[in-house]
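File shown: data.pdb. Contents: PDB, C-alpha atoms.
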ATOM      1  CA  MET N   1     157.623 112.542  87.218
ATOM      2  CA  GLU N   2     157.384 109.491  89.434
ATOM      3  CA  HIS N   3     154.421 107.167  88.898
ATOM      4  CA  TYR N   4     152.689 104.863  91.367
ATOM      5  CA  TYR N   5     153.849 101.910  89.237
ATOM      6  CA  THR N   6     157.510 102.852  89.852
ATOM      7  CA  ASN N   7     159.412  99.968  91.446
ATOM      8  CA  ASN N   8     161.042 102.024  94.192
ATOM      9  CA  PRO N   9     159.463 105.435  94.871
ATOM     10  CA  THR N  10     161.899 108.092  96.088
ATOM     11  CA  SER N  11     159.347 110.594  97.412
ATOM     12  CA  LYS N  12     159.691 111.247 101.165
ATOM     13  CA  SER N  13     157.774 108.710 103.224
ATOM     14  CA  GLU N  14     154.902 110.115 105.322
ATOM     15  CA  GLU N  15     152.753 107.209 106.400
ATOM     16  CA  LYS N  16     149.226 107.769 107.657
ATOM     17  CA  ILE N  17     146.155 105.637 108.356
ATOM     18  CA  ILE N  18     142.904 106.181 106.481
ATOM     19  CA  GLU N  19     139.518 104.594 107.158
ATOM     20  CA  TYR N  20     137.358 103.024 104.463
ATOM     21  CA  LYS N  21     133.697 102.283 105.208
ATOM     22  CA  ILE N  22     131.942  99.703 103.035
ATOM     23  CA  LYS N  23     128.605  98.038 103.894
ATOM     24  CA  ASP N  24     128.812  97.220 107.615
ATOM     25  CA  LYS N  25     132.600  97.245 107.868
ATOM     26  CA  THR N  26     135.263  99.878 108.514
ATOM     27  CA  ILE N  27     138.655  98.892 107.130
ATOM     28  CA  LYS N  28     141.860 100.747 107.974
ATOM     29  CA  PHE N  29     144.715 101.230 105.533
ATOM     30  CA  THR N  30     148.208 102.607 106.087
ATOM     31  CA  THR N  31     149.085 104.743 103.056
ATOM     32  CA  ASP N  32     152.062 106.876 102.032
ATOM     33  CA  ASN N  33     153.518 109.154  99.374
ATOM     34  CA  GLY N  34     154.456 107.403  96.128
ATOM     35  CA  VAL N  35     151.446 105.088  96.083
ATOM     36  CA  PHE N  36     148.153 105.299  94.198
ATOM     37  CA  SER N  37     145.299 107.150  95.913
ATOM     38  CA  LYS N  38     147.082 107.796  99.214
ATOM     39  CA  ALA N  39     144.477 110.152 100.741
ATOM     40  CA  HIS N  40     141.417 107.889 100.379
ATOM     41  CA  VAL N  41     140.234 104.801  98.513
ATOM     42  CA  ASP N  42     139.675 106.029  94.950
ATOM     43  CA  ILE N  43     136.161 106.288  93.502
ATOM     44  CA  ALA N  44     136.688 103.631  90.818
ATOM     45  CA  THR N  45     137.994 100.978  93.234
ATOM     46  CA  SER N  46     135.260 101.722  95.770
ATOM     47  CA  PHE N  47     132.563 101.526  93.091
ATOM     48  CA  MET N  48     133.911  98.191  91.839
ATOM     49  CA  LEU N  49     134.131  96.758  95.372
ATOM     50  CA  ASN N  50     130.505  97.675  96.092
ATOM     51  CA  VAL N  51     129.470  95.934  92.852
ATOM     52  CA  LEU N  52     131.603  92.862  93.641
ATOM     53  CA  LEU N  53     129.968  92.391  97.024
ATOM     54  CA  ASN N  54     126.832  91.349  95.101
ATOM     55  CA  GLU N  55     128.797  88.669  93.218
ATOM     56  CA  LYS N  56     129.547  85.132  94.361
ATOM     57  CA  ILE N  57     133.307  85.208  94.821
ATOM     58  CA  GLU N  58     135.004  81.990  95.863
ATOM     59  CA  GLY N  59     138.182  79.976  95.510
ATOM     60  CA  THR N  60     141.475  81.700  94.757
ATOM     61  CA  LEU N  61     141.728  85.390  93.880
ATOM     62  CA  LEU N  62     144.525  87.450  92.330
ATOM     63  CA  ASP N  63     144.568  91.229  92.886
ATOM     64  CA  VAL N  64     146.689  92.719  90.072
ATOM     65  CA  GLY N  65     148.313  96.068  90.879
ATOM     66  CA  CYS N  66     147.221  95.803  94.496
ATOM     67  CA  GLY N  67     148.743  99.069  95.751
ATOM     68  CA  TYR N  68     148.407  99.191  99.537
ATOM     69  CA  GLY N  69     145.938  96.305  99.438
ATOM     70  CA  THR N  70     142.462  97.832  99.143
ATOM     71  CA  ILE N  71     140.832  95.244  96.862
ATOM     72  CA  GLY N  72     142.428  92.057  98.186
ATOM     73  CA  ILE N  73     141.969  92.954 101.853
ATOM     74  CA  THR N  74     138.384  94.209 101.427
ATOM     75  CA  LEU N  75     137.276  91.097  99.513
ATOM     76  CA  SER N  76     139.058  88.919 102.059
ATOM     77  CA  LYS N  77     136.919  90.549 104.778
ATOM     78  CA  PHE N  78     133.676  89.648 102.991
ATOM     79  CA  PHE N  79     134.432  86.310 101.288
ATOM     80  CA  ASP N  80     136.166  83.114 102.385
ATOM     81  CA  ILE N  81     138.857  83.162  99.702
ATOM     82  CA  GLU N  82     142.594  82.722  99.284
ATOM     83  CA  VAL N  83     144.044  86.009  98.037
ATOM     84  CA  THR N  84     147.285  86.765  96.213
ATOM     85  CA  MET N  85     148.161  90.438  95.773
ATOM     86  CA  LEU N  86     150.828  91.658  93.364
ATOM     87  CA  ASP N  87     152.394  95.011  92.556
ATOM     88  CA  ILE N  88     155.674  96.367  91.198
ATOM     89  CA  ASN N  89     155.839  99.209  93.759
ATOM     90  CA  GLU N  90     157.950  98.127  96.766
ATOM     91  CA  ARG N  91     156.569 100.837  99.029
ATOM     92  CA  ALA N  92     152.999  99.819  98.189
ATOM     93  CA  LEU N  93     153.801  96.176  98.940
ATOM     94  CA  ASN N  94     155.323  97.052 102.312
ATOM     95  CA  LEU N  95     152.139  98.984 103.113
ATOM     96  CA  ALA N  96     150.021  96.040 101.928
ATOM     97  CA  LYS N  97     151.901  93.757 104.353
ATOM     98  CA  LYS N  98     151.222  96.204 107.202
ATOM     99  CA  ASN N  99     147.554  96.426 106.200
ATOM    100  CA  VAL N 100     147.128  92.653 106.193
ATOM    101  CA  LYS N 101     148.292  92.678 109.845
ATOM    102  CA  LEU N 102     146.320  95.839 110.683
ATOM    103  CA  ASN N 103     143.081  94.207 109.499
ATOM    104  CA  ALA N 104     143.901  90.746 110.873
ATOM    105  CA  VAL N 105     143.143  88.997 107.584
ATOM    106  CA  ASN N 106     144.856  85.722 106.846
ATOM    107  CA  LYS N 107     145.099  83.640 103.689
ATOM    108  CA  ILE N 108     146.767  86.549 101.848
ATOM    109  CA  ASN N 109     149.988  86.126  99.890
ATOM    110  CA  ILE N 110     151.901  89.194  98.606
ATOM    111  CA  ILE N 111     154.224  89.107  95.582
ATOM    112  CA  GLU N 112     156.465  91.759  94.033
ATOM    113  CA  SER N 113     155.938  91.301  90.305
ATOM    114  CA  ASP N 114     155.956  93.432  87.161
ATOM    115  CA  GLY N 115     152.531  92.431  85.899
ATOM    116  CA  PHE N 116     152.314  88.622  85.684
ATOM    117  CA  GLU N 117     156.093  88.152  85.429
ATOM    118  CA  LYS N 118     156.349  86.080  88.650
ATOM    119  CA  ILE N 119     152.897  84.485  88.553
ATOM    120  CA  THR N 120     153.124  80.733  87.973
ATOM    121  CA  GLN N 121     149.683  79.443  88.949
ATOM    122  CA  ASN N 122     146.098  79.970  87.783
ATOM    123  CA  TYR N 123     143.249  81.535  89.756
ATOM    124  CA  ASP N 124     139.451  81.368  89.999
ATOM    125  CA  VAL N 125     139.082  85.156  90.106
ATOM    126  CA  ILE N 126     141.313  88.024  88.951
ATOM    127  CA  VAL N 127     140.466  91.607  89.918
ATOM    128  CA  THR N 128     142.121  94.836  88.792
ATOM    129  CA  ASN N 129     141.725  98.577  88.617
ATOM    130  CA  PRO N 130     144.243  98.763  85.756
ATOM    131  CA  PRO N 131     147.046 101.377  85.804
ATOM    132  CA  ILE N 132     145.724 103.528  82.942
ATOM    133  CA  ARG N 133     148.803 105.767  82.902
ATOM    134  CA  ALA N 134     151.014 102.769  82.123
ATOM    135  CA  GLY N 135     149.542 102.864  78.592
ATOM    136  CA  LYS N 136     147.305 100.720  76.419
ATOM    137  CA  ALA N 137     149.983  98.158  75.450
ATOM    138  CA  VAL N 138     150.736  97.380  79.116
ATOM    139  CA  ILE N 139     147.065  97.129  80.080
ATOM    140  CA  TYR N 140     146.028  94.960  77.130
ATOM    141  CA  LYS N 141     148.904  92.597  77.891
ATOM    142  CA  MET N 142     147.573  92.483  81.462
ATOM    143  CA  TYR N 143     144.162  91.408  80.098
ATOM    144  CA  GLU N 144     145.757  88.670  77.971
ATOM    145  CA  ASP N 145     147.853  87.472  80.918
ATOM    146  CA  SER N 146     144.699  87.455  83.064
ATOM    147  CA  PHE N 147     142.962  85.202  80.536
ATOM    148  CA  ASN N 148     145.958  82.852  80.509
ATOM    149  CA  HIS N 149     146.113  82.707  84.330
ATOM    150  CA  LEU N 150     142.428  81.987  84.948
ATOM    151  CA  ASN N 151     141.104  78.497  85.596
ATOM    152  CA  ASP N 152     138.338  77.310  83.273
ATOM    153  CA  GLY N 153     135.174  79.045  84.439
ATOM    154  CA  GLY N 154     137.327  81.695  86.109
ATOM    155  CA  VAL N 155     136.287  85.339  86.140
ATOM    156  CA  LEU N 156     138.087  88.616  85.433
ATOM    157  CA  TYR N 157     136.613  91.752  87.036
ATOM    158  CA  LEU N 158     137.871  95.241  86.280
ATOM    159  CA  VAL N 159     136.828  98.864  86.435
ATOM    160  CA  ILE N 160     137.593 101.425  83.731
ATOM    161  CA  ASN N 161     136.353 104.902  82.895
ATOM    162  CA  LYS N 162     134.601 105.631  79.622
ATOM    163  CA  LYS N 163     137.069 108.438  78.869
ATOM    164  CA  HIS N 164     139.981 106.054  79.482
ATOM    165  CA  GLY N 165     138.769 103.621  76.838
ATOM    166  CA  ALA N 166     135.948 101.557  78.349
ATOM    167  CA  PRO N 167     134.263 100.929  74.940
ATOM    168  CA  SER N 168     137.485  99.717  73.237
ATOM    169  CA  THR N 169     138.372  97.677  76.344
ATOM    170  CA  LYS N 170     134.989  95.952  76.226
ATOM    171  CA  GLU N 171     135.515  95.183  72.536
ATOM    172  CA  PHE N 172     138.991  93.746  73.173
ATOM    173  CA  LEU N 173     137.820  91.645  76.134
ATOM    174  CA  THR N 174     134.810  90.343  74.196
ATOM    175  CA  GLN N 175     137.182  89.082  71.474
ATOM    176  CA  LEU N 176     139.575  87.639  74.059
ATOM    177  CA  PHE N 177     137.036  85.897  76.313
ATOM    178  CA  GLY N 178     134.096  85.517  73.925
ATOM    179  CA  ASN N 179     132.036  87.512  76.447
ATOM    180  CA  CYS N 180     132.170  90.707  78.495
ATOM    181  CA  GLU N 181     129.322  91.970  80.650
ATOM    182  CA  ILE N 182     129.054  95.462  82.110
ATOM    183  CA  LEU N 183     127.811  94.794  85.649
ATOM    184  CA  ASP N 184     127.219  98.458  86.487
ATOM    185  CA  LYS N 185     128.037 102.013  85.378
ATOM    186  CA  LYS N 186     128.393 105.164  87.430
ATOM    187  CA  ALA N 187     129.876 108.595  86.647
ATOM    188  CA  GLY N 188     131.632 107.203  83.564
ATOM    189  CA  PHE N 189     133.055 104.169  85.402
ATOM    190  CA  ASN N 190     132.242 100.708  84.045
ATOM    191  CA  VAL N 191     132.639  97.518  86.081
ATOM    192  CA  MET N 192     133.197  94.619  83.670
ATOM    193  CA  LYS N 193     133.016  90.872  84.116
ATOM    194  CA  CYS N 194     134.517  88.311  81.738
ATOM    195  CA  ILE N 195     134.241  84.533  82.149
ATOM    196  CA  LYS N 196     136.830  82.097  80.763
ATOM    197  CA  LYS N 197     134.653  79.411  79.167
TER     198      LYS N 197
END
Show me the file's structure as structure tokens.
Amino acid sequence: MEHYYTNNPTSKSEEKIIEYKIKDKTIKFTTDNGVFSKAHVDIATSFMLNVLLNEKIEGTLLDVGCGYGTIGITLSKFFDIEVTMLDINERALNLAKKNVKLNAVNKINIIESDGFEKITQNYDVIVTNPPIRAGKAVIYKMYEDSFNHLNDGGVLYLVINKKHGAPSTKEFLTQLFGNCEILDKKAGFNVMKCIKK
């Protein structure tokens, strides 16, 4: 079975454009087979984005596991930030590049990277809807790498479902950061915020 975090999906390409409405904006995304949530923006990501629009997001932002670009492009539409988006999936990254042009957003940099492998700098904000199916070891390493690649005072935001380990994630992040706040909960999804102090 091929996963959306496969480097080079082999499923037949069938690109299509979907529309995503959030607040007063409609954002278009080109999606395809072999990428996460190809038919519509997934519930967890959409819930997190709606919560994040109430936050003060500024500076530099890293979108980890960006897929076709939903988080980075949406936040770029609402905040004046410099965005870096990374993913391991080549097809997703090619879509993300198309979607940056499609939505006429600038100040976005796209990197093919297995997790933080090719990330050399630190950021003010890191956002992720972690790839649960990749397994706990992969995700927890992603949290540790996020901590190490945040500037002092930097913030990690993520969304995770209760049934996928939200309570144990909160415990781990609280130990790692010394803090972890649940900003909002809905239908089992938890949006968490951790500050590097």
Interatomic distance between atom CA of Asp152 of chain N and atom CA of Thr120 of chain N?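 Going from atom CA of Asp152 of chain N over to atom CA of Thr120 of chain N covers 15.9 Å.
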The PyMOL selection byres ((chain N and resi 148) around 12) resolved against shown file, as a ChimeraX atom specification: /N:116,119-124,126,141-147,149-152,154-156,176-177,195-197
I need the residues from that last selection saved to file as a tab-separated table (two decimals), in the coordinates of the input (with C-alpha atoms), if you can.
chain	number	residue	atom	x	y	z
N	116	PHE	CA	152.31	88.62	85.68
N	119	ILE	CA	152.90	84.48	88.55
N	120	THR	CA	153.12	80.73	87.97
N	121	GLN	CA	149.68	79.44	88.95
N	122	ASN	CA	146.10	79.97	87.78
N	123	TYR	CA	143.25	81.54	89.76
N	124	ASP	CA	139.45	81.37	90.00
N	126	ILE	CA	141.31	88.02	88.95
N	141	LYS	CA	148.90	92.60	77.89
N	142	MET	CA	147.57	92.48	81.46
N	143	TYR	CA	144.16	91.41	80.10
N	144	GLU	CA	145.76	88.67	77.97
N	145	ASP	CA	147.85	87.47	80.92
N	146	SER	CA	144.70	87.46	83.06
N	147	PHE	CA	142.96	85.20	80.54
N	149	HIS	CA	146.11	82.71	84.33
N	150	LEU	CA	142.43	81.99	84.95
N	151	ASN	CA	141.10	78.50	85.60
N	152	ASP	CA	138.34	77.31	83.27
N	154	GLY	CA	137.33	81.69	86.11
N	155	VAL	CA	136.29	85.34	86.14
N	156	LEU	CA	138.09	88.62	85.43
N	176	LEU	CA	139.57	87.64	74.06
N	177	PHE	CA	137.04	85.90	76.31
N	195	ILE	CA	134.24	84.53	82.15
N	196	LYS	CA	136.83	82.10	80.76
N	197	LYS	CA	134.65	79.41	79.17
Tell me, as a list of chain:residue names, which residues lie within 7 Å of segment 19-33 of chain N, counting all atoms listed in the file; anything in the same chain fewer than 5 positions away does not count.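 My list of contacting residues is N:Ser11, N:Lys12, N:Ser13, N:Glu14, N:Lys38, N:Val41, N:Tyr68, N:Leu95, N:Asn99, N:Asn103.
Between atom CA of Gly67 of chain N and atom CA of Lys97 of chain N the separation is 10.6 Å.
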Between atom CA of Ile81 of chain N and atom CA of Glu58 of chain N, measure the distance and give it in Å to one decimal.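 That distance, rounded to one decimal, is 5.6 Å.
If you measure from each of N:Ile73, N:Asp114, N:Asn94, N:Val125 to Gly153 of chain N using all atoms listed in the file, the closest one turns out to be N:Val125.
Residue membership of the PyMOL selection byres ((chain N and resi 129-132) around 6) in the shown file amounts to N:Thr128, N:Arg133, N:Ala134, N:Gly135, N:Leu158, N:Val159.
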Give me the residues near Lys118 of chain N as a JSON list (two decimals) with C-alpha atoms, in the coordinates of the input, where near means some atom within 12 Å (using only C-alpha atoms) and where sequence neighbours in that chain fewer than 4 positions away do not count.
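For reference, out_22.json as written:
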[["chain", "number", "residue", "atom", "x", "y", "z"],
["N", 64, "VAL", "CA", 146.69, 92.72, 90.07],
["N", 84, "THR", "CA", 147.28, 86.76, 96.21],
["N", 85, "MET", "CA", 148.16, 90.44, 95.77],
["N", 86, "LEU", "CA", 150.83, 91.66, 93.36],
["N", 87, "ASP", "CA", 152.39, 95.01, 92.56],
["N", 88, "ILE", "CA", 155.67, 96.37, 91.20],
["N", 110, "ILE", "CA", 151.90, 89.19, 98.61],
["N", 111, "ILE", "CA", 154.22, 89.11, 95.58],
["N", 112, "GLU", "CA", 156.46, 91.76, 94.03],
["N", 113, "SER", "CA", 155.94, 91.30, 90.30],
["N", 114, "ASP", "CA", 155.96, 93.43, 87.16],
["N", 122, "ASN", "CA", 146.10, 79.97, 87.78],
["N", 145, "ASP", "CA", 147.85, 87.47, 80.92],
["N", 149, "HIS", "CA", 146.11, 82.71, 84.33]]
Could you tell me which residues the PyMOL selection byres ((chain N and resi 180-182) around 6) grabs in this file, written as a list in words?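 Residues picked by the PyMOL selection byres ((chain N and resi 180-182) around 6): Thr174, Asn179, Leu183, Asp184, Val191, Met192, Lys193 and Cys194 of chain N.
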Could you put an axis-aligned box around every listed atom of segment 178-190 of chain N, padded by 5 Å on each side, and send me its centre and edge lengths in Å to one decimal, as AutoDock Vina command-line options?
--center_x 130.7 --center_y 97.1 --center_z 80.7 --size_x 16.9 --size_y 33.1 --size_z 23.5
Tell me which of N:Thr74, N:Ser168, N:Gln175, N:Ser37 sits closest to Asn50 of chain N, counting all atoms listed in the file. N:Thr74
Residue nearest Ala96 of chain N - candidates N:Ile43, N:Ile160, N:Leu49, N:Val35, atoms counted: only C-alpha atoms: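 The shortest atom-to-atom distance to Ala96 of chain N comes from N:Val35.
Here the question is which of N:Ile18, N:Tyr140, N:Thr60, N:Gly72 gets nearest to Phe172 of chain N using all atoms listed in the file, and that residue is N:Tyr140.
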Using the partial input, fill out segment 62-92 of chain N with N, CA and C atoms; write the result as a PDB file, keeping the file's coordinate frame.
ATOM      1  N   LEU N  62     143.317  86.680  92.581  1.00  0.00           N
ATOM      2  CA  LEU N  62     144.525  87.450  92.330  1.00  0.00           C
ATOM      3  C   LEU N  62     144.150  88.915  92.150  1.00  0.00           C
ATOM      4  N   ASP N  63     144.768  89.778  92.962  1.00  0.00           N
ATOM      5  CA  ASP N  63     144.568  91.229  92.886  1.00  0.00           C
ATOM      6  C   ASP N  63     145.786  91.805  92.170  1.00  0.00           C
ATOM      7  N   VAL N  64     145.579  92.248  90.907  1.00  0.00           N
ATOM      8  CA  VAL N  64     146.689  92.719  90.072  1.00  0.00           C
ATOM      9  C   VAL N  64     146.852  94.231  90.219  1.00  0.00           C
ATOM     10  N   GLY N  65     148.070  94.643  90.628  1.00  0.00           N
ATOM     11  CA  GLY N  65     148.313  96.068  90.879  1.00  0.00           C
ATOM     12  C   GLY N  65     147.640  96.465  92.173  1.00  0.00           C
ATOM     13  N   CYS N  66     147.982  95.727  93.235  1.00  0.00           N
ATOM     14  CA  CYS N  66     147.221  95.803  94.496  1.00  0.00           C
ATOM     15  C   CYS N  66     147.414  97.107  95.268  1.00  0.00           C
ATOM     16  N   GLY N  67     148.499  97.872  94.955  1.00  0.00           N
ATOM     17  CA  GLY N  67     148.743  99.069  95.751  1.00  0.00           C
ATOM     18  C   GLY N  67     148.903  98.706  97.218  1.00  0.00           C
ATOM     19  N   TYR N  68     148.272  99.489  98.097  1.00  0.00           N
ATOM     20  CA  TYR N  68     148.407  99.191  99.537  1.00  0.00           C
ATOM     21  C   TYR N  68     147.400  98.144 100.027  1.00  0.00           C
ATOM     22  N   GLY N  69     146.705  97.500  99.079  1.00  0.00           N
ATOM     23  CA  GLY N  69     145.938  96.305  99.438  1.00  0.00           C
ATOM     24  C   GLY N  69     144.431  96.445  99.501  1.00  0.00           C
ATOM     25  N   THR N  70     143.898  97.550  98.992  1.00  0.00           N
ATOM     26  CA  THR N  70     142.462  97.832  99.143  1.00  0.00           C
ATOM     27  C   THR N  70     141.566  96.689  98.682  1.00  0.00           C
ATOM     28  N   ILE N  71     141.755  96.233  97.442  1.00  0.00           N
ATOM     29  CA  ILE N  71     140.832  95.244  96.862  1.00  0.00           C
ATOM     30  C   ILE N  71     140.974  93.890  97.555  1.00  0.00           C
ATOM     31  N   GLY N  72     142.210  93.385  97.606  1.00  0.00           N
ATOM     32  CA  GLY N  72     142.428  92.057  98.186  1.00  0.00           C
ATOM     33  C   GLY N  72     141.986  91.964  99.636  1.00  0.00           C
ATOM     34  N   ILE N  73     142.327  92.975 100.426  1.00  0.00           N
ATOM     35  CA  ILE N  73     141.969  92.954 101.853  1.00  0.00           C
ATOM     36  C   ILE N  73     140.460  93.106 102.037  1.00  0.00           C
ATOM     37  N   THR N  74     139.839  94.008 101.293  1.00  0.00           N
ATOM     38  CA  THR N  74     138.384  94.209 101.427  1.00  0.00           C
ATOM     39  C   THR N  74     137.628  92.932 101.060  1.00  0.00           C
ATOM     40  N   LEU N  75     137.981  92.320  99.937  1.00  0.00           N
ATOM     41  CA  LEU N  75     137.276  91.097  99.513  1.00  0.00           C
ATOM     42  C   LEU N  75     137.538  89.947 100.481  1.00  0.00           C
ATOM     43  N   SER N  76     138.727  89.932 101.061  1.00  0.00           N
ATOM     44  CA  SER N  76     139.058  88.919 102.059  1.00  0.00           C
ATOM     45  C   SER N  76     138.192  89.062 103.312  1.00  0.00           C
ATOM     46  N   LYS N  77     137.782  90.290 103.616  1.00  0.00           N
ATOM     47  CA  LYS N  77     136.919  90.549 104.778  1.00  0.00           C
ATOM     48  C   LYS N  77     135.490  90.024 104.555  1.00  0.00           C
ATOM     49  N   PHE N  78     135.069  90.010 103.290  1.00  0.00           N
ATOM     50  CA  PHE N  78     133.676  89.648 102.991  1.00  0.00           C
ATOM     51  C   PHE N  78     133.494  88.213 102.477  1.00  0.00           C
ATOM     52  N   PHE N  79     134.547  87.647 101.886  1.00  0.00           N
ATOM     53  CA  PHE N  79     134.432  86.310 101.288  1.00  0.00           C
ATOM     54  C   PHE N  79     135.502  85.389 101.856  1.00  0.00           C
ATOM     55  N   ASP N  80     135.193  84.099 101.909  1.00  0.00           N
ATOM     56  CA  ASP N  80     136.166  83.114 102.385  1.00  0.00           C
ATOM     57  C   ASP N  80     137.000  82.664 101.185  1.00  0.00           C
ATOM     58  N   ILE N  81     138.044  83.427 100.884  1.00  0.00           N
ATOM     59  CA  ILE N  81     138.857  83.162  99.702  1.00  0.00           C
ATOM     60  C   ILE N  81     140.338  83.222 100.046  1.00  0.00           C
ATOM     61  N   GLU N  82     141.135  82.605  99.181  1.00  0.00           N
ATOM     62  CA  GLU N  82     142.594  82.722  99.284  1.00  0.00           C
ATOM     63  C   GLU N  82     143.018  83.818  98.331  1.00  0.00           C
ATOM     64  N   VAL N  83     143.704  84.829  98.838  1.00  0.00           N
ATOM     65  CA  VAL N  83     144.044  86.009  98.037  1.00  0.00           C
ATOM     66  C   VAL N  83     145.549  86.094  97.796  1.00  0.00           C
ATOM     67  N   THR N  84     145.911  86.390  96.546  1.00  0.00           N
ATOM     68  CA  THR N  84     147.285  86.765  96.213  1.00  0.00           C
ATOM     69  C   THR N  84     147.234  88.196  95.696  1.00  0.00           C
ATOM     70  N   MET N  85     148.114  89.046  96.220  1.00  0.00           N
ATOM     71  CA  MET N  85     148.161  90.438  95.773  1.00  0.00           C
ATOM     72  C   MET N  85     149.533  90.694  95.160  1.00  0.00           C
ATOM     73  N   LEU N  86     149.543  91.338  93.987  1.00  0.00           N
ATOM     74  CA  LEU N  86     150.828  91.658  93.364  1.00  0.00           C
ATOM     75  C   LEU N  86     150.907  93.127  92.988  1.00  0.00           C
ATOM     76  N   ASP N  87     152.123  93.647  93.002  1.00  0.00           N
ATOM     77  CA  ASP N  87     152.394  95.011  92.556  1.00  0.00           C
ATOM     78  C   ASP N  87     153.880  95.101  92.252  1.00  0.00           C
ATOM     79  N   ILE N  88     154.253  96.133  91.493  1.00  0.00           N
ATOM     80  CA  ILE N  88     155.674  96.367  91.198  1.00  0.00           C
ATOM     81  C   ILE N  88     156.280  97.346  92.209  1.00  0.00           C
ATOM     82  N   ASN N  89     155.407  98.121  92.883  1.00  0.00           N
ATOM     83  CA  ASN N  89     155.839  99.209  93.759  1.00  0.00           C
ATOM     84  C   ASN N  89     156.191  98.666  95.152  1.00  0.00           C
ATOM     85  N   GLU N  90     157.480  98.694  95.486  1.00  0.00           N
ATOM     86  CA  GLU N  90     157.950  98.127  96.766  1.00  0.00           C
ATOM     87  C   GLU N  90     157.297  98.797  97.971  1.00  0.00           C
ATOM     88  N   ARG N  91     157.161 100.111  97.902  1.00  0.00           N
ATOM     89  CA  ARG N  91     156.569 100.837  99.029  1.00  0.00           C
ATOM     90  C   ARG N  91     155.114 100.402  99.215  1.00  0.00           C
ATOM     91  N   ALA N  92     154.398 100.263  98.111  1.00  0.00           N
ATOM     92  CA  ALA N  92     152.999  99.819  98.189  1.00  0.00           C
ATOM     93  C   ALA N  92     152.909  98.426  98.805  1.00  0.00           C
TER      94      ALA N  92
END
